[in-house]
file entry.cif (mmCIF, N, CA and C atoms)
data_start
loop_
_atom_site.label_atom_id
_atom_site.label_comp_id
_atom_site.auth_asym_id
_atom_site.auth_seq_id
_atom_site.Cartn_x
_atom_site.Cartn_y
_atom_site.Cartn_z
N MET X 82 100.01 89.71 88.84
CA MET X 82 100.56 89.95 87.52
C MET X 82 101.16 88.65 87.00
N ASP X 83 101.09 88.46 85.72
CA ASP X 83 101.66 87.28 85.08
C ASP X 83 103.16 87.29 85.29
N GLU X 84 103.74 86.14 85.65
CA GLU X 84 105.18 86.12 85.93
C GLU X 84 106.02 86.44 84.70
N ARG X 85 105.42 86.34 83.49
CA ARG X 85 106.17 86.71 82.29
C ARG X 85 106.29 88.22 82.16
N CYS X 86 105.51 88.95 82.95
CA CYS X 86 105.52 90.41 82.87
C CYS X 86 106.42 90.95 83.96
N ASN X 87 107.59 91.34 83.61
CA ASN X 87 108.48 91.96 84.57
C ASN X 87 109.41 92.89 83.82
N PRO X 88 108.92 94.09 83.46
CA PRO X 88 109.75 95.00 82.71
C PRO X 88 111.09 95.28 83.37
N GLY X 89 111.14 95.24 84.70
CA GLY X 89 112.42 95.36 85.40
C GLY X 89 113.16 96.65 85.11
N ILE X 90 112.55 97.77 85.40
CA ILE X 90 113.19 99.06 85.15
C ILE X 90 114.54 99.08 85.85
N GLY X 91 115.54 99.46 85.10
CA GLY X 91 116.89 99.59 85.64
C GLY X 91 117.71 98.31 85.60
N ARG X 92 117.15 97.21 85.06
CA ARG X 92 117.92 95.97 85.01
C ARG X 92 118.12 95.55 83.56
N GLY X 93 119.21 94.88 83.28
CA GLY X 93 119.42 94.26 81.98
C GLY X 93 119.65 95.26 80.86
N THR X 94 119.67 94.75 79.63
CA THR X 94 119.87 95.57 78.45
C THR X 94 118.54 96.13 78.00
N ARG X 95 118.48 97.40 77.80
CA ARG X 95 117.25 98.05 77.41
C ARG X 95 117.53 98.94 76.21
N SER X 96 116.46 99.28 75.49
CA SER X 96 116.60 100.22 74.40
C SER X 96 116.67 101.63 74.95
N GLY X 97 117.05 102.55 74.11
CA GLY X 97 117.21 103.92 74.55
C GLY X 97 115.93 104.72 74.43
N ALA X 98 116.03 106.01 74.67
CA ALA X 98 114.88 106.89 74.57
C ALA X 98 114.44 107.00 73.12
N GLY X 99 113.19 107.39 72.95
CA GLY X 99 112.70 107.63 71.60
C GLY X 99 111.96 106.46 71.00
N GLY X 100 111.77 105.37 71.73
CA GLY X 100 110.92 104.30 71.26
C GLY X 100 111.62 103.21 70.47
N GLU X 101 112.92 103.10 70.54
CA GLU X 101 113.58 102.01 69.85
C GLU X 101 113.21 100.69 70.51
N ALA X 102 113.25 99.62 69.76
CA ALA X 102 112.91 98.31 70.31
C ALA X 102 114.17 97.46 70.40
N ASN X 103 114.17 96.54 71.33
CA ASN X 103 115.30 95.67 71.58
C ASN X 103 114.80 94.24 71.61
N GLY X 104 115.33 93.36 70.79
CA GLY X 104 114.89 91.97 70.78
C GLY X 104 115.61 91.16 71.85
N HIS X 105 114.98 90.07 72.28
CA HIS X 105 115.56 89.20 73.29
C HIS X 105 115.43 87.78 72.78
N GLU X 106 116.53 87.13 72.52
CA GLU X 106 116.47 85.79 71.98
C GLU X 106 116.39 84.76 73.10
N GLY X 107 115.57 83.73 72.88
CA GLY X 107 115.56 82.59 73.78
C GLY X 107 114.64 82.67 74.96
N ASP X 108 114.10 83.84 75.30
CA ASP X 108 113.26 83.91 76.49
C ASP X 108 111.81 84.27 76.17
N GLY X 109 111.44 84.31 74.90
CA GLY X 109 110.08 84.59 74.52
C GLY X 109 109.73 86.06 74.43
N ARG X 110 110.61 86.92 74.97
CA ARG X 110 110.33 88.35 74.89
C ARG X 110 110.63 88.83 73.48
N MET X 111 109.69 89.55 72.90
CA MET X 111 109.86 90.06 71.55
C MET X 111 110.65 91.36 71.56
N GLY X 112 110.60 92.08 72.64
CA GLY X 112 111.33 93.33 72.70
C GLY X 112 110.66 94.30 73.64
N GLU X 113 111.27 95.45 73.74
CA GLU X 113 110.78 96.46 74.65
C GLU X 113 110.83 97.81 73.97
N VAL X 114 109.95 98.68 74.39
CA VAL X 114 109.95 100.06 73.95
C VAL X 114 110.05 100.90 75.21
N ILE X 115 111.03 101.77 75.26
CA ILE X 115 111.21 102.63 76.43
C ILE X 115 111.17 104.08 75.96
N ARG X 116 110.39 104.88 76.65
CA ARG X 116 110.33 106.30 76.35
C ARG X 116 110.61 107.07 77.63
N MET X 117 111.40 108.10 77.51
CA MET X 117 111.70 108.93 78.67
C MET X 117 111.44 110.38 78.30
N GLU X 118 110.78 111.10 79.19
CA GLU X 118 110.51 112.51 78.98
C GLU X 118 111.22 113.29 80.07
N ASP X 119 111.74 114.45 79.71
CA ASP X 119 112.43 115.31 80.67
C ASP X 119 111.51 116.44 81.11
N GLY X 120 111.95 117.18 82.10
CA GLY X 120 111.21 118.35 82.54
C GLY X 120 110.45 118.10 83.82
N PRO X 121 109.58 119.06 84.18
CA PRO X 121 108.87 118.97 85.45
C PRO X 121 107.90 117.78 85.53
N ASN X 122 107.43 117.30 84.40
CA ASN X 122 106.54 116.14 84.37
C ASN X 122 107.27 114.93 83.81
N ALA X 123 108.52 114.76 84.21
CA ALA X 123 109.32 113.65 83.70
C ALA X 123 108.61 112.33 83.93
N GLU X 124 108.61 111.50 82.92
CA GLU X 124 107.90 110.23 82.96
C GLU X 124 108.71 109.20 82.18
N ARG X 125 108.68 107.98 82.65
CA ARG X 125 109.34 106.88 81.96
C ARG X 125 108.26 105.84 81.68
N ARG X 126 108.26 105.32 80.47
CA ARG X 126 107.30 104.30 80.08
C ARG X 126 108.06 103.16 79.43
N GLU X 127 107.76 101.96 79.89
CA GLU X 127 108.43 100.77 79.37
C GLU X 127 107.36 99.74 78.98
N VAL X 128 107.46 99.23 77.77
CA VAL X 128 106.53 98.22 77.28
C VAL X 128 107.32 96.99 76.92
N GLU X 129 106.84 95.84 77.37
CA GLU X 129 107.48 94.57 77.04
C GLU X 129 106.41 93.63 76.50
N VAL X 130 106.69 92.98 75.38
CA VAL X 130 105.77 92.03 74.78
C VAL X 130 106.43 90.66 74.84
N THR X 131 105.68 89.68 75.37
CA THR X 131 106.21 88.33 75.53
C THR X 131 105.31 87.34 74.79
N ALA X 132 105.93 86.51 73.96
CA ALA X 132 105.20 85.45 73.26
C ALA X 132 105.41 84.16 74.03
N GLY X 133 104.33 83.64 74.62
CA GLY X 133 104.39 82.38 75.33
C GLY X 133 103.94 81.25 74.42
N GLU X 134 103.74 80.09 75.00
CA GLU X 134 103.30 78.95 74.20
C GLU X 134 101.85 79.11 73.75
N ASP X 135 100.98 79.60 74.64
CA ASP X 135 99.56 79.72 74.33
C ASP X 135 98.99 81.12 74.52
N SER X 136 99.85 82.12 74.74
CA SER X 136 99.35 83.47 74.93
C SER X 136 100.43 84.50 74.60
N VAL X 137 99.97 85.72 74.43
CA VAL X 137 100.86 86.87 74.24
C VAL X 137 100.55 87.84 75.36
N VAL X 138 101.58 88.28 76.07
CA VAL X 138 101.41 89.20 77.20
C VAL X 138 102.09 90.52 76.86
N VAL X 139 101.32 91.59 76.99
CA VAL X 139 101.83 92.94 76.78
C VAL X 139 101.85 93.62 78.14
N CYS X 140 103.01 94.04 78.59
CA CYS X 140 103.17 94.69 79.89
C CYS X 140 103.58 96.14 79.68
N GLU X 141 103.02 97.02 80.47
CA GLU X 141 103.41 98.42 80.43
C GLU X 141 103.67 98.89 81.84
N ARG X 142 104.81 99.51 82.03
CA ARG X 142 105.15 100.12 83.32
C ARG X 142 105.40 101.59 83.07
N THR X 143 104.73 102.41 83.86
CA THR X 143 104.99 103.84 83.81
C THR X 143 105.56 104.24 85.17
N GLU X 144 106.38 105.27 85.13
CA GLU X 144 107.06 105.71 86.35
C GLU X 144 107.31 107.20 86.25
N GLY X 145 106.89 107.94 87.27
CA GLY X 145 107.16 109.37 87.28
C GLY X 145 106.01 110.19 87.84
N SER X 146 106.12 111.49 87.66
CA SER X 146 105.15 112.41 88.26
C SER X 146 103.75 112.28 87.65
N VAL X 147 103.65 111.98 86.36
CA VAL X 147 102.34 111.81 85.73
C VAL X 147 101.67 110.56 86.29
N THR X 148 102.43 109.48 86.44
CA THR X 148 101.91 108.24 87.02
C THR X 148 101.46 108.49 88.46
N LEU X 149 102.24 109.25 89.21
CA LEU X 149 101.88 109.58 90.58
C LEU X 149 100.54 110.31 90.63
N ALA X 150 100.35 111.27 89.73
CA ALA X 150 99.09 112.01 89.69
C ALA X 150 97.92 111.13 89.26
N ALA X 151 98.16 110.24 88.30
CA ALA X 151 97.08 109.41 87.76
C ALA X 151 96.70 108.24 88.66
N PHE X 152 97.72 107.58 89.25
CA PHE X 152 97.47 106.34 89.99
C PHE X 152 97.75 106.43 91.49
N GLY X 153 98.34 107.54 91.94
CA GLY X 153 98.63 107.69 93.36
C GLY X 153 99.87 106.92 93.81
N CYS X 154 100.68 106.48 92.86
CA CYS X 154 101.94 105.78 93.19
C CYS X 154 102.97 106.16 92.13
N TRP X 155 104.23 106.07 92.49
CA TRP X 155 105.31 106.51 91.60
C TRP X 155 105.43 105.64 90.36
N SER X 156 105.23 104.33 90.50
CA SER X 156 105.29 103.45 89.34
C SER X 156 104.04 102.58 89.29
N HIS X 157 103.66 102.17 88.10
CA HIS X 157 102.44 101.39 87.93
C HIS X 157 102.64 100.40 86.78
N ASP X 158 102.26 99.14 87.03
CA ASP X 158 102.32 98.09 86.01
C ASP X 158 100.91 97.66 85.64
N GLN X 159 100.70 97.47 84.35
CA GLN X 159 99.45 96.87 83.88
C GLN X 159 99.76 96.00 82.68
N GLN X 160 98.87 95.05 82.42
CA GLN X 160 99.14 94.14 81.32
C GLN X 160 97.86 93.67 80.64
N VAL X 161 98.03 93.28 79.41
CA VAL X 161 96.99 92.67 78.59
C VAL X 161 97.52 91.32 78.15
N GLU X 162 96.69 90.28 78.34
CA GLU X 162 97.07 88.95 77.88
C GLU X 162 96.07 88.49 76.84
N LEU X 163 96.58 88.17 75.66
CA LEU X 163 95.77 87.61 74.58
C LEU X 163 95.96 86.09 74.61
N GLU X 164 94.85 85.38 74.75
CA GLU X 164 94.91 83.92 74.79
C GLU X 164 94.58 83.34 73.42
N ARG X 165 94.88 82.08 73.23
CA ARG X 165 94.75 81.43 71.93
C ARG X 165 93.38 81.66 71.27
N ALA X 166 92.30 81.67 72.03
CA ALA X 166 90.95 81.85 71.48
C ALA X 166 90.79 83.18 70.74
N SER X 167 91.61 84.16 71.06
CA SER X 167 91.49 85.48 70.42
C SER X 167 92.56 85.71 69.35
N PHE X 168 93.38 84.70 69.06
CA PHE X 168 94.49 84.91 68.13
C PHE X 168 94.05 85.32 66.73
N ALA X 169 93.02 84.67 66.15
CA ALA X 169 92.61 84.99 64.78
C ALA X 169 92.17 86.45 64.69
N ALA X 170 91.31 86.88 65.62
CA ALA X 170 90.82 88.26 65.61
C ALA X 170 91.94 89.25 65.89
N ALA X 171 92.79 88.95 66.86
CA ALA X 171 93.89 89.85 67.20
C ALA X 171 94.88 89.97 66.04
N ALA X 172 95.19 88.85 65.40
CA ALA X 172 96.13 88.87 64.26
C ALA X 172 95.58 89.74 63.14
N ASP X 173 94.30 89.59 62.85
CA ASP X 173 93.68 90.38 61.79
C ASP X 173 93.66 91.85 62.15
N LEU X 174 93.28 92.17 63.36
CA LEU X 174 93.17 93.54 63.83
C LEU X 174 94.51 94.27 63.87
N LEU X 175 95.55 93.57 64.31
CA LEU X 175 96.89 94.17 64.46
C LEU X 175 97.74 94.05 63.20
N GLY X 176 97.23 93.32 62.20
CA GLY X 176 98.01 93.14 60.97
C GLY X 176 99.18 92.21 61.14
N ALA X 177 99.01 91.19 61.99
CA ALA X 177 100.09 90.22 62.24
C ALA X 177 100.33 89.38 60.99
N PRO X 178 101.57 88.94 60.77
CA PRO X 178 101.87 88.13 59.60
C PRO X 178 101.23 86.75 59.64
N ASP X 179 100.89 86.27 60.85
CA ASP X 179 100.25 84.97 61.01
C ASP X 179 99.59 84.93 62.38
N GLN X 180 99.01 83.78 62.74
CA GLN X 180 98.30 83.66 64.01
C GLN X 180 99.13 82.98 65.09
N THR X 181 100.45 82.97 64.93
CA THR X 181 101.32 82.41 65.95
C THR X 181 101.53 83.43 67.07
N THR X 182 101.98 82.95 68.22
CA THR X 182 102.26 83.90 69.30
C THR X 182 103.35 84.89 68.88
N ALA X 183 104.35 84.41 68.17
CA ALA X 183 105.44 85.29 67.72
C ALA X 183 104.91 86.35 66.76
N GLY X 184 104.03 85.97 65.83
CA GLY X 184 103.48 86.92 64.87
C GLY X 184 102.61 87.97 65.54
N ILE X 185 101.79 87.55 66.49
CA ILE X 185 100.92 88.48 67.20
C ILE X 185 101.74 89.39 68.11
N ALA X 186 102.73 88.83 68.77
CA ALA X 186 103.60 89.64 69.63
C ALA X 186 104.34 90.70 68.81
N GLU X 187 104.83 90.31 67.67
CA GLU X 187 105.53 91.26 66.79
C GLU X 187 104.59 92.39 66.36
N ALA X 188 103.35 92.04 66.01
CA ALA X 188 102.38 93.06 65.59
C ALA X 188 101.98 93.96 66.76
N ALA X 189 101.84 93.40 67.95
CA ALA X 189 101.51 94.20 69.13
C ALA X 189 102.64 95.17 69.45
N GLN X 190 103.87 94.69 69.33
CA GLN X 190 105.04 95.54 69.55
C GLN X 190 105.04 96.71 68.56
N ALA X 191 104.77 96.42 67.30
CA ALA X 191 104.74 97.47 66.27
C ALA X 191 103.60 98.45 66.53
N TYR X 192 102.45 97.94 66.97
CA TYR X 192 101.30 98.80 67.26
C TYR X 192 101.63 99.79 68.38
N LEU X 193 102.35 99.34 69.39
CA LEU X 193 102.66 100.18 70.55
C LEU X 193 103.93 101.01 70.39
N ALA X 194 104.64 100.86 69.28
CA ALA X 194 105.90 101.58 69.08
C ALA X 194 105.75 103.09 68.96
N PRO X 195 104.70 103.62 68.28
CA PRO X 195 104.58 105.09 68.20
C PRO X 195 104.44 105.72 69.59
N GLU X 196 105.07 106.86 69.76
CA GLU X 196 105.08 107.53 71.06
C GLU X 196 103.71 107.80 71.65
N GLU X 197 102.74 108.06 70.79
CA GLU X 197 101.43 108.44 71.29
C GLU X 197 100.55 107.24 71.67
N ARG X 198 101.02 106.03 71.49
CA ARG X 198 100.22 104.84 71.79
C ARG X 198 100.61 104.23 73.13
N TYR X 199 99.57 103.88 73.89
CA TYR X 199 99.73 103.27 75.21
C TYR X 199 98.94 101.97 75.26
N ILE X 200 99.13 101.22 76.32
CA ILE X 200 98.41 99.96 76.47
C ILE X 200 96.90 100.20 76.48
N THR X 201 96.47 101.36 76.97
CA THR X 201 95.04 101.68 76.96
C THR X 201 94.51 101.82 75.54
N ASP X 202 95.35 102.26 74.61
CA ASP X 202 94.95 102.33 73.21
C ASP X 202 94.74 100.92 72.64
N LEU X 203 95.62 100.00 73.01
CA LEU X 203 95.45 98.60 72.61
C LEU X 203 94.16 98.04 73.18
N MET X 204 93.89 98.33 74.45
CA MET X 204 92.66 97.87 75.08
C MET X 204 91.43 98.44 74.38
N ASP X 205 91.46 99.73 74.06
CA ASP X 205 90.34 100.35 73.35
C ASP X 205 90.11 99.68 72.00
N LEU X 206 91.17 99.38 71.29
CA LEU X 206 91.06 98.71 69.99
C LEU X 206 90.45 97.32 70.14
N LEU X 207 90.94 96.57 71.12
CA LEU X 207 90.41 95.22 71.36
C LEU X 207 88.94 95.28 71.79
N ASP X 208 88.62 96.20 72.70
CA ASP X 208 87.24 96.36 73.17
C ASP X 208 86.29 96.73 72.03
N ALA X 209 86.70 97.68 71.20
CA ALA X 209 85.85 98.15 70.10
C ALA X 209 85.56 97.05 69.09
N ASN X 210 86.43 96.05 69.04
CA ASN X 210 86.27 94.96 68.08
C ASN X 210 85.89 93.64 68.76
N ALA X 211 85.51 93.72 70.03
CA ALA X 211 85.06 92.56 70.82
C ALA X 211 86.06 91.41 70.80
N VAL X 212 87.34 91.75 70.89
CA VAL X 212 88.39 90.73 70.96
C VAL X 212 88.65 90.43 72.44
N PRO X 213 88.48 89.18 72.87
CA PRO X 213 88.67 88.84 74.28
C PRO X 213 90.14 88.94 74.72
N TYR X 214 90.33 89.39 75.95
CA TYR X 214 91.66 89.46 76.56
C TYR X 214 91.50 89.52 78.07
N VAL X 215 92.61 89.34 78.76
CA VAL X 215 92.63 89.48 80.21
C VAL X 215 93.43 90.74 80.53
N PHE X 216 92.87 91.60 81.38
CA PHE X 216 93.55 92.81 81.82
C PHE X 216 93.93 92.65 83.28
N ARG X 217 95.16 93.04 83.62
CA ARG X 217 95.62 93.02 85.01
C ARG X 217 96.25 94.36 85.35
N SER X 218 95.97 94.84 86.56
CA SER X 218 96.54 96.08 87.05
C SER X 218 97.20 95.81 88.40
N GLU X 219 98.44 96.20 88.53
CA GLU X 219 99.19 95.95 89.76
C GLU X 219 98.62 96.74 90.95
N LYS X 220 98.34 98.02 90.73
CA LYS X 220 97.94 98.90 91.83
C LYS X 220 96.68 98.40 92.53
N ASP X 221 95.68 98.08 91.75
CA ASP X 221 94.40 97.67 92.32
C ASP X 221 94.26 96.17 92.46
N LYS X 222 95.29 95.43 92.08
CA LYS X 222 95.25 93.95 92.11
C LYS X 222 94.03 93.45 91.34
N VAL X 223 93.79 94.05 90.19
CA VAL X 223 92.62 93.75 89.37
C VAL X 223 93.00 92.72 88.30
N GLU X 224 92.10 91.78 88.06
CA GLU X 224 92.18 90.89 86.91
C GLU X 224 90.80 90.81 86.31
N GLN X 225 90.67 91.27 85.07
CA GLN X 225 89.37 91.28 84.40
C GLN X 225 89.47 90.57 83.06
N ARG X 226 88.47 89.74 82.78
CA ARG X 226 88.32 89.16 81.44
C ARG X 226 87.44 90.13 80.68
N ARG X 227 87.93 90.58 79.54
CA ARG X 227 87.18 91.55 78.76
C ARG X 227 86.97 91.03 77.35
N GLY X 228 86.01 91.66 76.66
CA GLY X 228 85.74 91.31 75.27
C GLY X 228 84.67 90.29 75.21
#
call {"tool": "encode", "arguments": {"input": "entry.cif", "output": "structure tokens"}}
result
Amino acid sequence: MDERCNPGIGRGTRSGAGGEANGHEGDGRMGEVIRMEDGPNAERREVEVTAGEDSVVVCERTEGSVTLAAFGCWSHDQQVELERASFAAAADLLGAPDQTTAGIAEAAQAYLAPEERYITDLMDLLDANAVPYVFRSEKDKVEQRRG
């Protein structure tokens, strides 16, 4: 996993339930979206978007009984990295204000803010429009160049 991707469940200042975002100044992180569900299928989902010098990294960590059923482990991290070569297409697709890492990260954060959207929805959007990205999955130690 990219070292910029470390949602760090349970550490630091985080936003509350319901999808609020929290900005982080000075470290390149644009913010996080955290959702928590109660009940027998309680699940926690945390998304962090980081704007680097030459890439934007979107990290998603899920934790709970649904993750256990889907991935065979209690928590699971996966990430999408958009590199400079895909900035023009990604900016256009996500409605970013510009083609900077900050603009694309802001648009990716907004895209993933609705409760029903997951990193897989971002991947589907990028795939459908042939936008190149790198996908990484913690569980399977997978790194794939897609698009």
call {"tool": "closest_residue", "arguments": {"input": "entry.cif", "among": "X:Ala186, X:Leu203, X:Ala194, X:Cys140", "to": "X:Ser218", "atoms": "only C-alpha atoms"}}
result
X:Cys140
call {"tool": "select_by_dssp", "arguments": {"input": "entry.cif", "residues": "stretch 167-201 of chain X", "states": "helix (DSSP H, G or I)", "output": "list in words"}}
result
Ser167, Phe168, Ala169, Ala170, Ala171, Ala172, Asp173, Leu174, Leu175, Thr182, Ala183, Gly184, Ile185, Ala186, Glu187, Ala188, Ala189, Gln190, Ala191, Tyr192, Leu193, Ile200 and Thr201 of chain X
call {"tool": "closest_residue", "arguments": {"input": "entry.cif", "among": "X:Gly145, X:Ala170, X:Glu196, X:Arg227", "to": "X:Val215", "atoms": "only N, CA and C atoms"}}
result
X:Arg227
call {"tool": "atom_distance", "arguments": {"input": "entry.cif", "atom1": "atom CA of X:Gln190", "atom2": "atom CA of X:Val130"}}
result
6.3 Å
call {"tool": "residues_around", "arguments": {"input": "entry.cif", "residues": "stretch 173-178 of chain X", "least_positions_apart": "3", "cutoff": "6.5 Å", "atoms": "only N, CA and C atoms", "output": "list in words"}}
result
Phe168, Ala169, Ala170, Gly184, Ile185, Glu187, Ala188 and Ala189 of chain X
call {"tool": "atom_distance", "arguments": {"input": "entry.cif", "atom1": "atom N of X:Glu124", "atom2": "atom CA of X:Tyr192"}}
result
21.4 Å
